[in-house]
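Asks: Input file: input_11.csv. Contents: CSV, C-alpha atoms.
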```csv
chain,number,residue,atom,x,y,z
A,1,MET,CA,179.5,119.3,233.5
A,2,PRO,CA,180.1,117.1,236.5
A,3,LYS,CA,177.0,116.3,238.6
A,4,SER,CA,178.9,117.2,241.7
A,5,LEU,CA,179.5,120.7,240.3
A,6,ILE,CA,175.8,121.2,239.5
A,7,PHE,CA,174.8,119.9,242.9
A,8,TRP,CA,177.3,122.2,244.6
A,9,THR,CA,176.1,125.2,242.7
A,10,ILE,CA,172.4,124.6,243.4
A,11,GLN,CA,173.1,124.1,247.1
A,12,ASN,CA,175.0,127.4,247.2
A,13,ARG,CA,172.7,129.6,245.2
A,14,SER,CA,169.5,131.4,246.0
A,15,PHE,CA,166.3,130.6,244.1
A,16,LYS,CA,166.4,134.1,242.5
A,17,GLU,CA,169.9,133.5,241.2
A,18,ILE,CA,168.9,130.1,239.6
A,19,VAL,CA,165.9,131.8,237.9
A,20,GLU,CA,168.2,134.5,236.5
A,21,ARG,CA,170.5,131.8,235.1
A,22,VAL,CA,167.6,130.0,233.5
A,23,CYS,CA,166.5,133.3,231.9
A,24,ASP,CA,170.0,133.8,230.6
A,25,LEU,CA,169.8,130.4,228.9
A,26,LEU,CA,166.5,131.3,227.3
A,27,GLY,CA,168.1,134.5,226.2
A,28,TYR,CA,169.7,132.7,223.2
A,29,LEU,CA,166.2,132.8,221.6
A,30,LEU,CA,166.4,136.6,221.6
A,31,ILE,CA,169.5,136.9,219.6
A,32,PRO,CA,167.9,136.4,216.1
A,33,LEU,CA,165.3,139.1,217.0
A,34,ALA,CA,168.1,141.5,218.1
A,35,CYS,CA,169.8,141.0,214.8
A,36,ILE,CA,166.8,142.1,212.7
A,37,MET,CA,165.0,144.7,214.9
A,38,HIS,CA,165.2,148.4,213.9
A,39,ARG,CA,167.3,150.3,216.4
A,40,ASN,CA,166.2,153.8,217.5
A,41,ASN,CA,169.3,155.9,218.3
A,42,LYS,CA,167.2,158.3,220.3
A,43,LEU,CA,166.3,155.5,222.7
A,44,TRP,CA,169.1,154.8,225.2
A,45,VAL,CA,169.1,152.1,227.8
A,46,PHE,CA,171.2,152.0,231.0
A,47,GLY,CA,172.1,149.4,233.6
A,48,ASN,CA,174.6,148.4,236.2
A,49,LYS,CA,175.3,145.0,237.8
A,50,THR,CA,175.3,146.4,241.3
A,51,GLY,CA,172.1,148.3,241.1
A,52,PHE,CA,171.2,152.0,240.6
A,53,SER,CA,174.7,153.5,240.9
A,54,ASP,CA,178.0,154.1,239.2
A,55,ASN,CA,178.7,155.9,235.9
A,56,SER,CA,175.5,154.5,234.3
A,57,LYS,CA,173.4,156.2,236.9
A,58,TYR,CA,174.9,159.6,236.6
A,59,LEU,CA,174.9,159.6,232.8
A,60,PHE,CA,171.3,158.5,233.0
A,61,LEU,CA,170.3,161.3,235.4
A,62,TYR,CA,172.2,163.9,233.3
A,63,ILE,CA,170.2,162.9,230.2
A,64,ILE,CA,166.9,162.9,232.1
A,65,ARG,CA,167.6,166.4,233.3
A,66,ASN,CA,169.2,168.0,230.2
A,67,MET,CA,168.4,166.1,227.0
A,68,ARG,CA,164.7,166.0,226.2
A,69,GLU,CA,165.4,164.7,222.7
A,70,ILE,CA,166.8,161.4,224.1
A,71,LYS,CA,164.5,158.9,225.7
A,72,ALA,CA,166.5,157.3,228.6
A,73,ILE,CA,165.3,154.1,230.2
A,74,TRP,CA,166.9,152.3,233.2
A,75,ILE,CA,166.9,148.5,232.9
A,76,ALA,CA,166.7,146.9,236.3
A,77,ARG,CA,168.1,143.5,237.1
A,78,SER,CA,165.5,142.7,239.7
A,79,LYS,CA,161.9,143.6,240.4
A,80,GLU,CA,163.0,145.2,243.7
A,81,GLU,CA,165.4,147.5,241.9
A,82,GLN,CA,162.7,148.4,239.3
A,83,LYS,CA,160.2,149.3,242.1
A,84,GLU,CA,162.8,151.4,243.9
A,85,ILE,CA,163.8,153.4,240.8
A,86,ALA,CA,160.2,153.8,239.6
A,87,SER,CA,159.3,155.3,243.1
A,88,LEU,CA,161.7,158.2,242.2
A,89,GLN,CA,159.5,158.9,239.2
A,90,LEU,CA,162.2,157.7,236.8
A,91,PRO,CA,161.6,155.6,233.7
A,92,CYS,CA,162.6,152.0,234.5
A,93,TYR,CA,161.7,148.5,233.3
A,94,TYR,CA,162.6,145.1,234.7
A,95,LYS,CA,165.1,143.3,232.5
A,96,TRP,CA,162.9,140.2,231.8
A,97,SER,CA,159.5,142.0,231.6
A,98,LEU,CA,157.9,142.3,228.1
A,99,ARG,CA,158.4,146.0,228.2
A,100,GLY,CA,162.0,145.6,229.3
A,101,ILE,CA,162.8,143.1,226.5
A,102,ASN,CA,161.0,145.1,223.9
A,103,THR,CA,162.8,148.3,224.9
A,104,CYS,CA,166.2,146.6,224.9
A,105,LEU,CA,165.5,145.2,221.4
A,106,LYS,CA,164.6,148.6,220.0
A,107,ALA,CA,167.2,150.8,221.9
A,108,GLY,CA,170.0,152.1,219.7
A,109,ILE,CA,172.4,152.9,222.5
A,110,TYR,CA,173.5,150.7,225.5
A,111,CYS,CA,175.3,152.4,228.4
A,112,PHE,CA,176.7,150.2,231.1
A,113,SER,CA,179.5,150.1,233.7
A,114,SER,CA,181.0,146.6,233.1
A,115,SER,CA,179.5,144.7,230.2
A,116,THR,CA,176.2,144.5,228.2
A,117,SER,CA,175.0,141.9,230.8
A,118,ASP,CA,174.5,144.9,233.0
A,119,ILE,CA,171.5,145.6,230.8
A,120,ASN,CA,170.8,142.5,228.6
A,121,TYR,CA,173.5,140.8,226.6
A,122,TRP,CA,171.0,138.8,224.6
A,123,THR,CA,169.2,141.8,223.1
A,124,SER,CA,172.2,143.9,222.4
A,125,ALA,CA,173.2,142.9,218.9
A,126,ARG,CA,173.8,145.8,216.5
A,127,ALA,CA,173.3,148.5,219.2
A,128,ILE,CA,176.0,151.1,219.9
A,129,LYS,CA,177.6,149.9,223.2
A,130,ILE,CA,179.2,152.4,225.5
A,131,ASN,CA,181.3,150.8,228.3
A,132,LEU,CA,181.5,153.6,230.9
A,133,TRP,CA,183.6,151.3,233.2
A,134,HIS,CA,183.7,151.7,237.0
A,135,GLY,CA,187.0,153.3,238.1
A,136,VAL,CA,190.5,154.2,237.1
A,137,GLY,CA,193.3,152.5,239.1
A,138,ILE,CA,196.5,150.5,239.2
A,139,LYS,CA,195.2,147.0,239.7
A,140,LYS,CA,195.8,144.3,237.2
A,141,LEU,CA,192.5,143.4,235.4
A,142,GLY,CA,191.3,141.1,232.6
A,143,LEU,CA,194.1,139.7,230.6
A,144,LYS,CA,196.7,141.2,233.0
A,145,GLY,CA,195.0,139.7,236.1
A,146,SER,CA,195.2,136.4,237.8
A,147,PHE,CA,192.4,133.8,238.2
A,148,THR,CA,191.7,132.0,241.4
A,149,TYR,CA,189.8,128.7,240.9
A,150,ASN,CA,186.3,128.5,242.2
A,151,PRO,CA,183.8,125.9,240.9
A,152,GLN,CA,181.1,128.5,240.9
A,153,ASN,CA,183.1,130.5,238.3
A,154,ARG,CA,182.9,127.6,235.9
A,155,LEU,CA,179.2,127.5,235.9
A,156,ASN,CA,179.0,131.3,235.6
A,157,LYS,CA,181.2,131.1,232.5
A,158,PHE,CA,179.0,128.4,231.0
A,159,LEU,CA,175.6,130.1,231.7
A,160,THR,CA,176.4,133.7,231.1
A,161,PRO,CA,178.0,135.7,228.3
A,162,SER,CA,181.5,136.9,228.4
A,163,ASN,CA,182.2,140.1,230.4
A,164,TYR,CA,184.5,141.1,227.5
A,165,ASP,CA,181.9,141.3,224.7
A,166,PRO,CA,183.2,144.1,222.5
A,167,ALA,CA,182.0,147.6,223.2
A,168,THR,CA,181.7,150.2,220.4
A,169,PHE,CA,183.4,152.7,222.8
A,170,PHE,CA,185.2,152.1,226.0
A,171,ILE,CA,185.6,155.2,228.1
A,172,THR,CA,189.0,155.9,229.5
A,173,THR,CA,190.5,159.0,231.2
A,174,SER,CA,194.2,159.6,230.3
A,175,ASP,CA,197.1,158.2,228.2
A,176,LEU,CA,198.1,155.9,231.0
A,177,MET,CA,194.6,154.5,231.6
A,178,ASP,CA,194.1,154.3,227.8
A,179,GLU,CA,197.1,152.0,227.5
A,180,HIS,CA,196.2,150.1,230.6
A,181,PHE,CA,192.6,149.2,229.6
A,182,ARG,CA,193.6,148.4,226.0
A,183,GLU,CA,196.1,145.9,227.4
A,184,CYS,CA,193.7,144.5,230.0
A,185,TYR,CA,190.8,143.9,227.6
A,186,ALA,CA,192.4,143.7,224.1
A,187,LEU,CA,190.8,146.9,223.0
A,188,THR,CA,191.8,148.8,219.8
A,189,LYS,CA,192.7,152.5,219.9
A,190,GLU,CA,189.5,153.2,217.9
A,191,GLN,CA,187.4,151.7,220.7
A,192,THR,CA,188.9,153.8,223.6
A,193,ARG,CA,188.0,157.4,224.2
A,194,GLN,CA,189.7,159.6,226.8
A,195,ILE,CA,186.7,161.5,228.3
A,196,GLY,CA,186.2,161.0,232.0
A,197,TYR,CA,183.4,159.6,234.3
A,198,PRO,CA,179.9,161.0,234.8
A,199,ARG,CA,180.0,160.1,238.5
A,200,CYS,CA,183.0,162.3,238.9
A,201,ASP,CA,181.2,165.2,237.3
A,202,PHE,CA,178.7,164.8,240.1
A,203,LEU,CA,181.4,164.8,242.8
A,204,VAL,CA,182.6,168.3,241.9
A,205,GLU,CA,179.2,169.9,241.6
A,206,GLU,CA,178.2,172.9,243.8
A,207,THR,CA,176.8,172.0,247.2
A,208,GLU,CA,173.3,173.2,246.2
A,209,ILE,CA,173.2,170.8,243.2
A,210,VAL,CA,174.5,167.9,245.2
A,211,ASP,CA,171.8,168.5,247.8
A,212,GLU,CA,169.2,168.8,245.1
A,213,TYR,CA,170.3,165.4,243.6
A,214,ILE,CA,170.0,163.8,247.0
A,215,GLU,CA,166.6,165.2,247.7
A,216,LYS,CA,165.2,164.1,244.3
A,217,TYR,CA,167.0,160.9,243.4
A,218,GLU,CA,168.0,159.2,246.6
A,219,ASN,CA,166.1,157.0,249.1
A,220,ASP,CA,165.2,158.1,252.6
A,221,ALA,CA,168.2,156.2,254.1
A,222,ILE,CA,170.7,158.3,252.1
A,223,LYS,CA,168.8,161.5,252.8
A,224,ALA,CA,168.9,160.7,256.6
A,225,VAL,CA,172.6,160.0,256.6
A,226,ALA,CA,173.4,163.1,254.5
A,227,LYS,CA,171.4,165.3,256.9
A,228,SER,CA,172.9,163.7,260.1
A,229,LEU,CA,176.5,164.5,258.9
A,230,GLU,CA,175.8,168.3,259.1
A,231,GLN,CA,176.2,168.3,262.9
A,232,TYR,CA,179.9,167.1,262.9
A,233,SER,CA,183.0,169.2,262.7
A,234,LYS,CA,184.8,166.5,260.6
A,235,VAL,CA,183.6,163.4,258.7
A,236,TYR,CA,185.9,160.5,257.9
A,237,ILE,CA,185.0,157.7,255.5
A,238,TYR,CA,186.9,154.3,255.5
A,239,MET,CA,186.6,152.5,252.1
A,240,PRO,CA,188.9,149.5,251.8
A,241,THR,CA,189.0,147.5,248.6
A,242,PHE,CA,187.8,144.0,248.2
A,243,ARG,CA,190.2,141.1,248.9
A,244,ASP,CA,189.9,138.4,246.1
A,245,ASP,CA,190.8,135.7,248.6
A,246,GLN,CA,187.7,136.7,250.6
A,247,SER,CA,189.8,136.9,253.8
A,248,ASP,CA,188.4,138.7,256.8
A,249,TYR,CA,190.7,141.7,256.5
A,250,ILE,CA,188.7,143.9,258.9
A,251,SER,CA,189.6,141.5,261.7
A,252,HIS,CA,193.3,141.8,260.6
A,253,SER,CA,193.2,145.6,260.3
A,254,GLY,CA,194.0,146.1,264.0
A,255,ILE,CA,191.4,148.9,264.3
A,256,ALA,CA,190.2,149.2,267.9
A,257,PHE,CA,186.6,150.4,267.2
A,258,GLN,CA,185.8,151.3,270.8
A,259,GLU,CA,188.9,153.4,271.0
A,260,LEU,CA,188.1,154.9,267.6
A,261,ASN,CA,184.6,155.8,268.7
A,262,GLU,CA,185.8,157.6,271.8
A,263,MET,CA,188.2,159.6,269.7
A,264,MET,CA,185.4,160.6,267.3
A,265,ILE,CA,183.2,161.7,270.3
A,266,LYS,CA,186.0,163.8,271.7
A,267,ASN,CA,186.6,165.6,268.4
A,268,ASN,CA,182.9,165.9,267.4
A,269,ALA,CA,183.6,163.7,264.3
A,270,MET,CA,181.8,160.9,262.5
A,271,PHE,CA,183.6,157.9,261.1
A,272,LEU,CA,181.7,156.3,258.2
A,273,ILE,CA,182.6,152.8,257.0
A,274,LYS,CA,181.6,151.6,253.5
A,275,LEU,CA,182.7,148.1,252.6
A,276,HIS,CA,182.6,146.4,249.3
A,277,PRO,CA,179.4,144.3,248.8
A,278,ALA,CA,181.3,141.1,248.7
A,279,THR,CA,183.2,141.7,252.0
A,280,ARG,CA,182.6,139.3,254.8
A,281,THR,CA,183.7,139.9,258.4
A,282,LYS,CA,183.1,138.6,261.9
A,283,VAL,CA,183.8,142.0,263.5
A,284,THR,CA,180.8,143.7,265.0
A,285,ILE,CA,180.9,147.4,264.1
A,286,ASP,CA,177.3,148.3,264.9
A,287,GLY,CA,176.3,150.0,268.2
A,288,TYR,CA,178.8,152.9,268.3
A,289,SER,CA,177.5,156.5,268.5
A,290,ASN,CA,180.1,158.0,266.2
A,291,ILE,CA,180.9,155.1,263.9
A,292,MET,CA,178.4,154.4,261.2
A,293,LEU,CA,178.5,151.2,259.0
A,294,LEU,CA,176.9,152.1,255.8
A,295,ASN,CA,174.9,149.5,253.8
A,296,LYS,CA,177.3,147.7,251.5
A,297,ASP,CA,174.9,148.0,248.6
A,298,ILE,CA,174.3,151.7,248.6
A,299,ASP,CA,175.6,154.3,246.2
A,300,VAL,CA,178.1,156.1,248.3
A,301,TYR,CA,178.8,158.9,245.8
A,302,PRO,CA,176.1,161.3,247.1
A,303,LEU,CA,177.7,161.2,250.5
A,304,LEU,CA,181.4,161.7,249.5
A,305,PRO,CA,181.1,165.5,249.0
A,306,LYS,CA,179.8,165.6,252.7
A,307,THR,CA,183.0,164.0,254.0
A,308,ASP,CA,186.4,165.5,254.7
A,309,VAL,CA,188.9,162.7,254.9
A,310,LEU,CA,189.1,159.4,253.0
A,311,ILE,CA,190.9,156.3,254.5
A,312,THR,CA,191.5,153.6,251.9
A,313,ASP,CA,194.2,151.2,250.7
A,314,TYR,CA,194.3,149.9,247.1
A,315,SER,CA,190.9,151.1,246.0
A,316,SER,CA,190.3,153.2,242.9
A,317,ILE,CA,188.2,155.5,245.1
A,318,TYR,CA,191.6,157.1,246.0
A,319,TYR,CA,191.6,158.6,242.4
A,320,ASP,CA,188.0,159.8,242.4
A,321,TYR,CA,188.4,161.5,245.8
A,322,GLN,CA,191.5,163.4,244.5
A,323,LEU,CA,189.2,165.4,242.2
A,324,MET,CA,187.4,167.1,245.1
A,325,PRO,CA,189.3,170.2,246.3
A,326,GLY,CA,190.0,170.6,250.0
A,327,LYS,CA,189.8,166.9,250.9
A,328,HIS,CA,192.5,164.7,252.5
A,329,ILE,CA,193.4,161.1,252.1
A,330,ILE,CA,195.1,158.6,254.4
A,331,LEU,CA,196.4,155.3,253.0
A,332,TYR,CA,196.1,152.3,255.3
A,333,PRO,CA,197.8,149.4,253.5
A,334,PHE,CA,198.3,147.3,256.6
A,335,ASP,CA,198.3,144.0,254.6
A,336,TYR,CA,200.2,145.1,251.5
A,337,GLU,CA,202.4,142.0,251.1
A,338,ASP,CA,199.4,139.6,251.7
A,339,TYR,CA,197.2,141.6,249.3
A,340,ILE,CA,199.8,141.4,246.5
A,341,LYS,CA,200.4,137.7,247.1
A,342,ASN,CA,196.8,136.4,247.6
A,343,SER,CA,194.4,138.9,246.1
A,344,ARG,CA,195.5,141.2,243.3
A,345,ASP,CA,198.8,142.2,241.9
A,346,LEU,CA,199.3,145.8,240.7
A,347,ALA,CA,200.0,147.0,237.2
A,348,TYR,CA,201.9,150.1,238.5
A,349,ASP,CA,204.1,150.8,241.5
A,350,TYR,CA,202.0,151.4,244.5
A,351,ASP,CA,204.2,154.0,246.2
A,352,THR,CA,204.6,156.0,243.0
A,353,TYR,CA,201.0,156.1,241.9
A,354,THR,CA,199.4,156.5,245.3
A,355,PRO,CA,201.4,159.2,246.9
A,356,GLY,CA,200.4,160.5,250.3
A,357,GLU,CA,200.4,159.6,254.0
A,358,LYS,CA,200.7,155.8,254.4
A,359,VAL,CA,200.3,154.2,257.8
A,360,HIS,CA,200.6,150.4,258.3
A,361,GLU,CA,199.3,149.8,261.9
A,362,TRP,CA,196.6,151.0,264.2
A,363,ASN,CA,198.7,153.0,266.6
A,364,ARG,CA,200.0,155.2,263.9
A,365,LEU,CA,196.6,155.5,262.2
A,366,LYS,CA,195.2,156.6,265.6
A,367,GLN,CA,197.9,159.4,265.9
A,368,VAL,CA,197.0,160.7,262.4
A,369,LEU,CA,193.3,160.7,263.1
A,370,ALA,CA,193.8,162.5,266.4
A,371,ASP,CA,195.5,165.4,264.6
A,372,LYS,CA,192.8,168.1,264.5
A,373,ASN,CA,194.8,170.2,262.0
A,374,LEU,CA,195.2,167.3,259.6
A,375,GLN,CA,196.9,168.5,256.4
A,376,ILE,CA,198.0,165.6,254.1
A,377,GLU,CA,199.9,166.3,250.9
A,378,THR,CA,198.9,163.7,248.2
A,379,ASN,CA,200.5,165.3,245.2
A,380,SER,CA,197.1,165.5,243.7
A,381,LYS,CA,198.1,167.6,240.7
A,382,TRP,CA,200.5,164.9,239.5
A,383,VAL,CA,198.0,162.1,240.2
A,384,ILE,CA,195.3,163.8,238.3
A,385,GLU,CA,197.6,164.4,235.3
A,386,GLN,CA,198.5,160.7,235.2
A,387,LEU,CA,195.1,159.1,235.9
A,388,TRP,CA,192.7,161.7,234.7
A,389,GLY,CA,194.6,163.6,232.0
A,390,SER,CA,194.0,167.3,231.3
A,391,ASN,CA,190.4,167.3,230.0
A,392,TYR,CA,188.2,165.0,232.2
A,393,THR,CA,185.4,167.3,233.2
A,394,ASN,CA,181.9,167.5,231.7
A,395,ALA,CA,182.1,163.8,230.8
A,396,SER,CA,178.4,163.2,230.4
A,397,GLN,CA,178.0,165.8,227.7
A,398,LYS,CA,181.1,164.6,225.9
A,399,ILE,CA,179.8,161.0,225.8
A,400,ILE,CA,176.5,162.3,224.3
A,401,ASP,CA,178.5,164.3,221.7
A,402,LEU,CA,180.6,161.2,220.9
A,403,VAL,CA,177.5,159.1,220.2
```
When written as structure tokens, how does the structure in this file appear?

Replies:
Amino acid sequence: MPKSLIFWTIQNRSFKEIVERVCDLLGYLLIPLACIMHRNNKLWVFGNKTGFSDNSKYLFLYIIRNMREIKAIWIARSKEEQKEIASLQLPCYYKWSLRGINTCLKAGIYCFSSSTSDINYWTSARAIKINLWHGVGIKKLGLKGSFTYNPQNRLNKFLTPSNYDPATFFITTSDLMDEHFRECYALTKEQTRQIGYPRCDFLVEETEIVDEYIEKYENDAIKAVAKSLEQYSKVYIYMPTFRDDQSDYISHSGIAFQELNEMMIKNNAMFLIKLHPATRTKVTIDGYSNIMLLNKDIDVYPLLPKTDVLITDYSSIYYDYQLMPGKHIILYPFDYEDYIKNSRDLAYDYDTYTPGEKVHEWNRLKQVLADKNLQIETNSKWVIEQLWGSNYTNASQKIIDLV
């Protein structure tokens, strides 16, 4: 490896990231142990590369609440994450602690949202691996996707295991998505299972159950936001997808935030903004009374049932949001041509597979938002049939039954 690349990487990484990479290298020593340890199929471990969220979280909580015969342990990727989850009175060990390593070596079932590295790749040999994934959608991924050179990517590939280490089961949702993911990740038909997502089971729960989850399993910040939304007549949430070229797309969106805030005040509405964790922008969004910029690292799913209208572009959140009855979606693909050229090509036609109100510039978006009687037809029945199939509910229990 060129010295310049090593120097560039050290200069651009935090100390914590370097330590984690060193731990990954030492992980090779754990592989022989993982190959000979007795696996307990009543011991399940869970993890997620972006923290306590996604399908891993909601399957974990379902088991904690309903399956006493299964011992479920969350494996945290940092000590901060471990402390946060332990404070909720939930079983959690740090990935590189002795208890964490021992638990991962003994666990018979690994449940993750991307790859076994979400938990611990080095301890996963011979375990049953359930890849819950993190969203249906029409973007090109894996073998279908394109690769943009970045010297940091070369070091990641050298120091960490492949994101495509084979799962025993890869959870999909419909015939279309089954074919899509098999092509993206070279999966066999025996590996894929059309079930649905645990996080979407949560989205369609009764209001009382959602409130109970928030009170019991979320931090004070989420509780405060959820409570504050009760005072508004309508709640919007803007969730644009990540741009692979890392462009400042918020600056190019044309949104006039002062004007937007005045509109929200007039209509007694709140406008939430949830950006992808990797998003960078020079636009200052803080300081408005009726626009709230959510922390990029939070789990937004507990808040989605509290909203009325989603504004998005190419994000898979479009498909999850479709499952909640009585909601509306506005599509704001203001940079479609640029996105397709510089970020991510799509595997399926955008207009066909994301039906609904599409606006391409701020003035038109402003008009749509100003409509107090907003009723937007998204052809949700057809979208659900294509992306979710006919039997996507109760996913958590179905995954347990599968194992």

Asks: When you look at Leu43 of chain A with a cut-off of 6 Å (counting only C-alpha atoms), what residues show up, excluding the ones that are within fewer than 6 positions of it in the same chain? I need them as a CSV table (one decimal) with C-alpha atoms, in the frame of the given file.

Replies:
```csv
chain,number,residue,atom,x,y,z
A,71,LYS,CA,164.5,158.9,225.7
A,107,ALA,CA,167.2,150.8,221.9
A,108,GLY,CA,170.0,152.1,219.7
```

Asks: Closest to Asn120 of chain A among A:Val45, A:Ile291, A:Ala395, A:Cys35, using all atoms listed in the file?

Replies: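 Answer, going by the shortest atom-to-atom distance: A:Val45.
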
Asks: Excluding same-chain residues fewer than 4 positions from Tyr236 of chain A, what lies within 9 Å of it counting all atoms listed in the file, as a list in words?

Replies: Ala269, Met270, Phe271, Leu272, Ile273, Thr307, Asp308, Val309, Leu310 and Ile311 of chain A

Asks: Counting only C-alpha atoms, what are the residues of segment 282-388 of chain A within 7 Å of segment 171-188 of chain A, and for each of them which pair of atoms is the nearest and at what distance in Å, to one decimal? Sort the table by chain and rising number, as CSV.

Replies:
```
residue,atom,partner,partner_atom,distance
A:Gln386,CA,A:Leu176,CA,6.4
A:Leu387,CA,A:Ser174,CA,5.7
A:Trp388,CA,A:Thr173,CA,4.9
```

Asks: What's around Asp201 of chain A at 9 Å? Count only C-alpha atoms, leave out sequence neighbours fewer than 3 positions away in its own chain, and write the answer as a PDB file with C-alpha atoms, keeping the file's coordinate frame.

Replies:
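Full text of out_9.pdb as output:
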```pdb
ATOM      1  CA  TYR A  58     174.900 159.600 236.600  1.00  0.00           C
ATOM      2  CA  GLY A 196     186.200 161.000 232.000  1.00  0.00           C
ATOM      3  CA  TYR A 197     183.400 159.600 234.300  1.00  0.00           C
ATOM      4  CA  PRO A 198     179.900 161.000 234.800  1.00  0.00           C
ATOM      5  CA  VAL A 204     182.600 168.300 241.900  1.00  0.00           C
ATOM      6  CA  GLU A 205     179.200 169.900 241.600  1.00  0.00           C
ATOM      7  CA  TYR A 392     188.200 165.000 232.200  1.00  0.00           C
ATOM      8  CA  THR A 393     185.400 167.300 233.200  1.00  0.00           C
ATOM      9  CA  ASN A 394     181.900 167.500 231.700  1.00  0.00           C
ATOM     10  CA  ALA A 395     182.100 163.800 230.800  1.00  0.00           C
ATOM     11  CA  SER A 396     178.400 163.200 230.400  1.00  0.00           C
TER      12      SER A 396
END
```

Asks: Could segment 188-202 of chain A be completed with N, CA and C atoms and returned as a JSON list (two decimals), keeping the file's coordinate frame?

Replies:
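Final output, result_8.json:
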```json
[["chain", "number", "residue", "atom", "x", "y", "z"],
["A", 188, "THR", "N", 191.06, 148.05, 220.84],
["A", 188, "THR", "CA", 191.80, 148.80, 219.80],
["A", 188, "THR", "C", 191.79, 150.28, 220.19],
["A", 189, "LYS", "N", 192.68, 151.04, 219.59],
["A", 189, "LYS", "CA", 192.70, 152.50, 219.90],
["A", 189, "LYS", "C", 191.45, 153.16, 219.40],
["A", 190, "GLU", "N", 190.79, 152.60, 218.38],
["A", 190, "GLU", "CA", 189.50, 153.20, 217.90],
["A", 190, "GLU", "C", 188.40, 152.99, 218.90],
["A", 191, "GLN", "N", 188.49, 151.96, 219.73],
["A", 191, "GLN", "CA", 187.40, 151.70, 220.70],
["A", 191, "GLN", "C", 187.53, 152.64, 221.93],
["A", 192, "THR", "N", 188.73, 152.98, 222.36],
["A", 192, "THR", "CA", 188.90, 153.80, 223.60],
["A", 192, "THR", "C", 188.75, 155.25, 223.32],
["A", 193, "ARG", "N", 188.15, 155.93, 224.29],
["A", 193, "ARG", "CA", 188.00, 157.40, 224.20],
["A", 193, "ARG", "C", 188.31, 158.01, 225.56],
["A", 194, "GLN", "N", 189.25, 158.94, 225.57],
["A", 194, "GLN", "CA", 189.70, 159.60, 226.80],
["A", 194, "GLN", "C", 188.67, 160.75, 227.08],
["A", 195, "ILE", "N", 187.76, 160.50, 228.01],
["A", 195, "ILE", "CA", 186.70, 161.50, 228.30],
["A", 195, "ILE", "C", 186.61, 161.80, 229.78],
["A", 196, "GLY", "N", 186.43, 160.80, 230.62],
["A", 196, "GLY", "CA", 186.20, 161.00, 232.00],
["A", 196, "GLY", "C", 184.91, 160.30, 232.45],
["A", 197, "TYR", "N", 184.53, 160.42, 233.71],
["A", 197, "TYR", "CA", 183.40, 159.60, 234.30],
["A", 197, "TYR", "C", 182.27, 160.54, 234.71],
["A", 198, "PRO", "N", 181.04, 160.19, 234.32],
["A", 198, "PRO", "CA", 179.90, 161.00, 234.80],
["A", 198, "PRO", "C", 179.75, 161.07, 236.28],
["A", 199, "ARG", "N", 180.11, 160.01, 237.01],
["A", 199, "ARG", "CA", 180.00, 160.10, 238.50],
["A", 199, "ARG", "C", 180.92, 161.09, 239.08],
["A", 200, "CYS", "N", 182.06, 161.35, 238.41],
["A", 200, "CYS", "CA", 183.00, 162.30, 238.90],
["A", 200, "CYS", "C", 182.59, 163.75, 238.59],
["A", 201, "ASP", "N", 181.83, 163.92, 237.52],
["A", 201, "ASP", "CA", 181.20, 165.20, 237.30],
["A", 201, "ASP", "C", 180.32, 165.60, 238.47],
["A", 202, "PHE", "N", 179.60, 164.61, 238.96],
["A", 202, "PHE", "CA", 178.70, 164.80, 240.10],
["A", 202, "PHE", "C", 179.52, 165.23, 241.35]]
```
